[in-house]
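Colleague: Next comes the structure file model-v3.txt, holding compact mmCIF, C-alpha atoms.
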# COMPACT_ATOMS: atom_id res chain seq x y z
CA MET A 1 29.48 20.11 -4.61
CA THR A 2 26.38 18.89 -6.43
CA ALA A 3 23.28 17.46 -4.85
CA SER A 4 22.17 14.08 -6.07
CA ALA A 5 18.81 13.97 -7.77
CA PRO A 6 16.05 11.84 -6.25
CA VAL A 7 15.44 8.47 -7.86
CA GLN A 8 12.93 8.96 -10.66
CA ARG A 9 10.52 6.04 -11.08
CA SER A 10 7.97 5.82 -13.80
CA LEU A 11 4.36 5.91 -12.71
CA PRO A 12 2.32 2.71 -12.68
CA THR A 13 -0.52 1.75 -14.95
CA TRP A 14 -4.07 1.80 -13.63
CA ASP A 15 -4.01 -2.02 -13.45
CA GLN A 16 -0.78 -1.99 -11.44
CA VAL A 17 -2.35 0.39 -8.91
CA VAL A 18 -5.40 -1.89 -8.63
CA ALA A 19 -3.18 -4.96 -8.13
CA LEU A 20 -1.07 -3.24 -5.51
CA ARG A 21 -4.13 -1.85 -3.68
CA ASP A 22 -5.70 -5.30 -3.62
CA PHE A 23 -2.46 -6.85 -2.36
CA ILE A 24 -2.03 -4.32 0.48
CA HIS A 25 -5.71 -4.51 1.43
CA GLY A 26 -5.42 -8.30 1.48
CA ARG A 27 -2.46 -8.11 3.83
CA THR A 28 -4.22 -5.67 6.16
CA TYR A 29 -7.29 -7.91 6.23
CA ALA A 30 -5.19 -11.02 6.94
CA ALA A 31 -3.43 -9.27 9.82
CA ALA A 32 -6.75 -8.02 11.20
CA VAL A 33 -8.47 -11.43 11.28
CA PRO A 34 -7.76 -11.93 15.01
CA THR A 35 -9.42 -8.59 15.74
CA ILE A 36 -12.68 -9.28 13.93
CA ARG A 37 -15.63 -9.62 16.27
CA LEU A 38 -18.90 -11.35 15.55
CA ASN A 39 -22.14 -9.43 15.99
CA GLY A 40 -22.94 -9.04 19.67
CA GLU A 41 -19.39 -9.55 20.90
CA PRO A 42 -18.09 -6.78 23.16
CA PRO A 43 -15.50 -4.40 21.72
CA HIS A 44 -11.85 -5.02 22.44
CA ALA A 45 -10.63 -3.38 25.62
CA PRO A 46 -9.31 0.12 24.87
CA GLY A 47 -5.53 0.06 24.60
CA SER A 48 -5.40 -3.74 24.36
CA ALA A 49 -3.11 -5.39 21.82
CA LEU A 50 -6.11 -6.45 19.70
CA ALA A 51 -7.56 -2.94 19.76
CA ARG A 52 -4.20 -1.53 18.64
CA VAL A 53 -3.87 -4.07 15.84
CA ALA A 54 -7.36 -3.17 14.65
CA GLU A 55 -6.50 0.55 14.73
CA VAL A 56 -3.24 0.12 12.84
CA ASN A 57 -4.86 -2.10 10.23
CA GLY A 58 -7.70 0.35 9.78
CA ALA A 59 -5.25 3.22 9.38
CA LEU A 60 -3.14 1.36 6.82
CA TYR A 61 -6.27 0.43 4.87
CA GLU A 62 -7.43 4.08 4.87
CA VAL A 63 -4.01 5.45 3.91
CA THR A 64 -3.68 2.96 1.06
CA SER A 65 -7.18 3.76 -0.16
CA HIS A 66 -6.47 7.50 -0.03
CA LEU A 67 -3.15 7.21 -1.87
CA CYS A 68 -4.69 5.00 -4.54
CA GLY A 69 -7.62 7.40 -4.94
CA ARG A 70 -5.25 10.32 -5.49
CA LEU A 71 -3.20 8.27 -7.93
CA TYR A 72 -6.31 7.15 -9.87
CA ALA A 73 -7.47 10.76 -10.15
CA GLU A 74 -4.08 11.89 -11.42
CA LEU A 75 -3.75 9.03 -13.90
CA ALA A 76 -7.24 9.78 -15.22
CA THR A 77 -6.16 13.31 -16.21
CA GLY A 78 -3.66 11.92 -18.70
CA ARG A 79 -1.09 14.33 -17.25
CA PRO A 80 -0.22 13.02 -13.80
CA GLY A 81 2.00 15.35 -11.81
CA PRO A 82 3.72 15.63 -8.43
CA ILE A 83 0.70 14.36 -6.48
CA ALA A 84 0.77 11.14 -8.49
CA GLU A 85 4.51 10.79 -8.00
CA ALA A 86 4.29 11.36 -4.23
CA SER A 87 1.34 8.97 -3.91
CA TRP A 88 3.19 6.28 -5.86
CA GLU A 89 6.36 6.73 -3.80
CA ALA A 90 4.32 6.34 -0.60
CA LEU A 91 2.65 3.16 -1.90
CA ILE A 92 6.04 1.74 -2.90
CA SER A 93 7.34 2.57 0.58
CA ILE A 94 4.45 0.65 2.17
CA THR A 95 4.92 -2.29 -0.19
CA THR A 96 8.63 -2.63 0.57
CA ALA A 97 7.67 -4.42 3.82
CA TRP A 98 6.38 -7.31 1.68
CA ARG A 99 9.30 -7.43 -0.75
CA GLU A 100 9.86 -11.15 -0.13
CA ASP A 101 6.16 -12.12 -0.03
CA PRO A 102 5.55 -14.81 -2.65
CA GLU A 103 2.07 -13.40 -3.31
CA LEU A 104 3.36 -9.94 -4.20
CA PRO A 105 2.36 -9.41 -7.83
CA GLU A 106 5.45 -10.15 -9.93
CA ASP A 107 5.38 -6.87 -11.84
CA MET A 108 5.40 -5.04 -8.48
CA ARG A 109 8.65 -6.66 -7.40
CA GLU A 110 10.53 -4.96 -10.23
CA LEU A 111 9.15 -1.56 -9.17
CA LEU A 112 10.53 -1.79 -5.62
CA PRO A 113 13.87 -0.17 -4.82
CA VAL A 114 16.85 -2.49 -4.68
CA LYS A 115 17.31 -3.89 -1.19
CA ALA A 116 20.46 -2.61 0.52
CA GLN A 117 22.92 -5.37 1.30
Just give me the structure as structure tokens.

Modeller:
Amino acid sequence: MTASAPVQRSLPTWDQVVALRDFIHGRTYAAAVPTIRLNGEPPHAPGSALARVAEVNGALYEVTSHLCGRLYAELATGRPGPIAEASWEALISITTAWREDPELPEDMRELLPVKAQ
């Protein structure tokens, strides 16, 4: 019995990473709008739905930024390796949630795995 090889995707260009980062950051910001407080407003109650939304959005923003940073560093070497591949796979995994979003950059749509029927 032979093991199947993982799906090999080509790595993105620098511009594709920037476009995807901006798209994901835009989505996290849009989702976080209800949690934004004006100066002087009290913080959201700990454990409240708004506090949780703010935490999740902040975490997704940080994860996306970290993955993109690793990918940029790898692409800049001219010889990206496994770190670049893992970072790109993680970003693609995050982006799959917005597969049908009309604002998803068109060249990103072709990079997403085929949706199971």

Colleague: Kindly give the distance, in Å, that separates atom CA of A:Phe23 and atom CA of A:Glu103, rounded to a single decimal.

Modeller: 8.0 Å

Colleague: Quick one: residues within 10 Å of A:Trp88, all atoms listed in the file counted, chain neighbours fewer than 3 positions away excluded, as a list in words?

Modeller: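 What passes the distance filter is Arg9, Ser10, Leu11, Pro12, Val17, Leu67, Cys68, Arg70, Leu71, Pro82, Ile83, Ala84, Glu85, Leu91, Ile92, Ser93 and Ile94 of chain A.
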
Colleague: Grab the atom CA of A:Ala59 to atom CA of A:Ala73 distance for me, in Å with one decimal place.

Modeller: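 Between atom CA of A:Ala59 and atom CA of A:Ala73 the gap works out to 21.1 Å.
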
Colleague: Hey, what's within 10 Å of A:Leu50 if we count all atoms listed in the file and toss same-chain stuff fewer than 5 positions away? As a PyMOL selection string, please?

Modeller: chain A and resi 32+34-36+43-45+55-56

Colleague: Print the selection's residues with C-alpha atoms to a file, as a PDB file, in the coordinates of the input.

Modeller:
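Generated file (part33.pdb):
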ATOM      1  CA  ALA A  32      -6.750  -8.020  11.200  1.00  0.00           C
ATOM      2  CA  PRO A  34      -7.760 -11.930  15.010  1.00  0.00           C
ATOM      3  CA  THR A  35      -9.420  -8.590  15.740  1.00  0.00           C
ATOM      4  CA  ILE A  36     -12.680  -9.280  13.930  1.00  0.00           C
ATOM      5  CA  PRO A  43     -15.500  -4.400  21.720  1.00  0.00           C
ATOM      6  CA  HIS A  44     -11.850  -5.020  22.440  1.00  0.00           C
ATOM      7  CA  ALA A  45     -10.630  -3.380  25.620  1.00  0.00           C
ATOM      8  CA  GLU A  55      -6.500   0.550  14.730  1.00  0.00           C
ATOM      9  CA  VAL A  56      -3.240   0.120  12.840  1.00  0.00           C
TER      10      VAL A  56
END

Colleague: Just the number, please: distance in Å from atom CA of A:Ala19 to atom CA of A:Leu60, one decimal.

Modeller: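 According to the coordinates, atom CA of A:Ala19 and atom CA of A:Leu60 are separated by 16.2 Å.
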
Colleague: Pick the closest to A:Asn57 from A:Lys115, A:Arg99, A:Arg109, A:Arg27: which is it, counting only C-alpha atoms?

Modeller: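 Of A:Lys115, A:Arg99, A:Arg109, A:Arg27, the one nearest A:Asn57 is A:Arg27, counting only C-alpha atoms.
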
Colleague: With all atoms listed in the file as the atoms that count, which of A:Thr13, A:Leu112, A:Tyr29, A:Thr96 lies nearest to A:Ala54?

Modeller: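 Checking each of A:Thr13, A:Leu112, A:Tyr29, A:Thr96 against A:Ala54, counting all atoms listed in the file, the winner is A:Tyr29.
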
Colleague: Using all atoms listed in the file, which of the listed residues (A:Pro42, A:Ala51, A:Asp107, A:Trp14) sits closest to A:Pro80?

Modeller: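 Ranked by minimum distance to A:Pro80, first place goes to A:Trp14.
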
Colleague: Of the residues A:Gln16, A:Tyr61, A:Ser48, A:Leu75, which is the one nearest to A:Met108, using all atoms listed in the file?

Modeller: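 Distance minimum relative to A:Met108 lands on A:Gln16.
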
Colleague: Output as JSON the centre and edge lengths (Å, one decimal) of the box along x, y and z of the file that holds every listed atom of stretch 96-109 of chain A after adding 4 Å on each side.

Modeller:
{"center_x": 6.0, "center_y": -8.7, "center_z": -4.0, "size_x": 15.8, "size_y": 20.2, "size_z": 23.7}

Colleague: So, with only C-alpha atoms as the atoms that count, which of A:Thr64, A:Gly69, A:Val53, A:Ala97 lies closest to A:Val33?

Modeller: A:Val53

Colleague: Let me make sure I understand: among A:Pro113, A:Gly58, A:Gly81, A:Pro105, which one has the smallest atom-to-atom distance to A:Thr28 if we use all atoms listed in the file?

Modeller: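 That would be A:Gly58, the residue with the smallest distance to A:Thr28.
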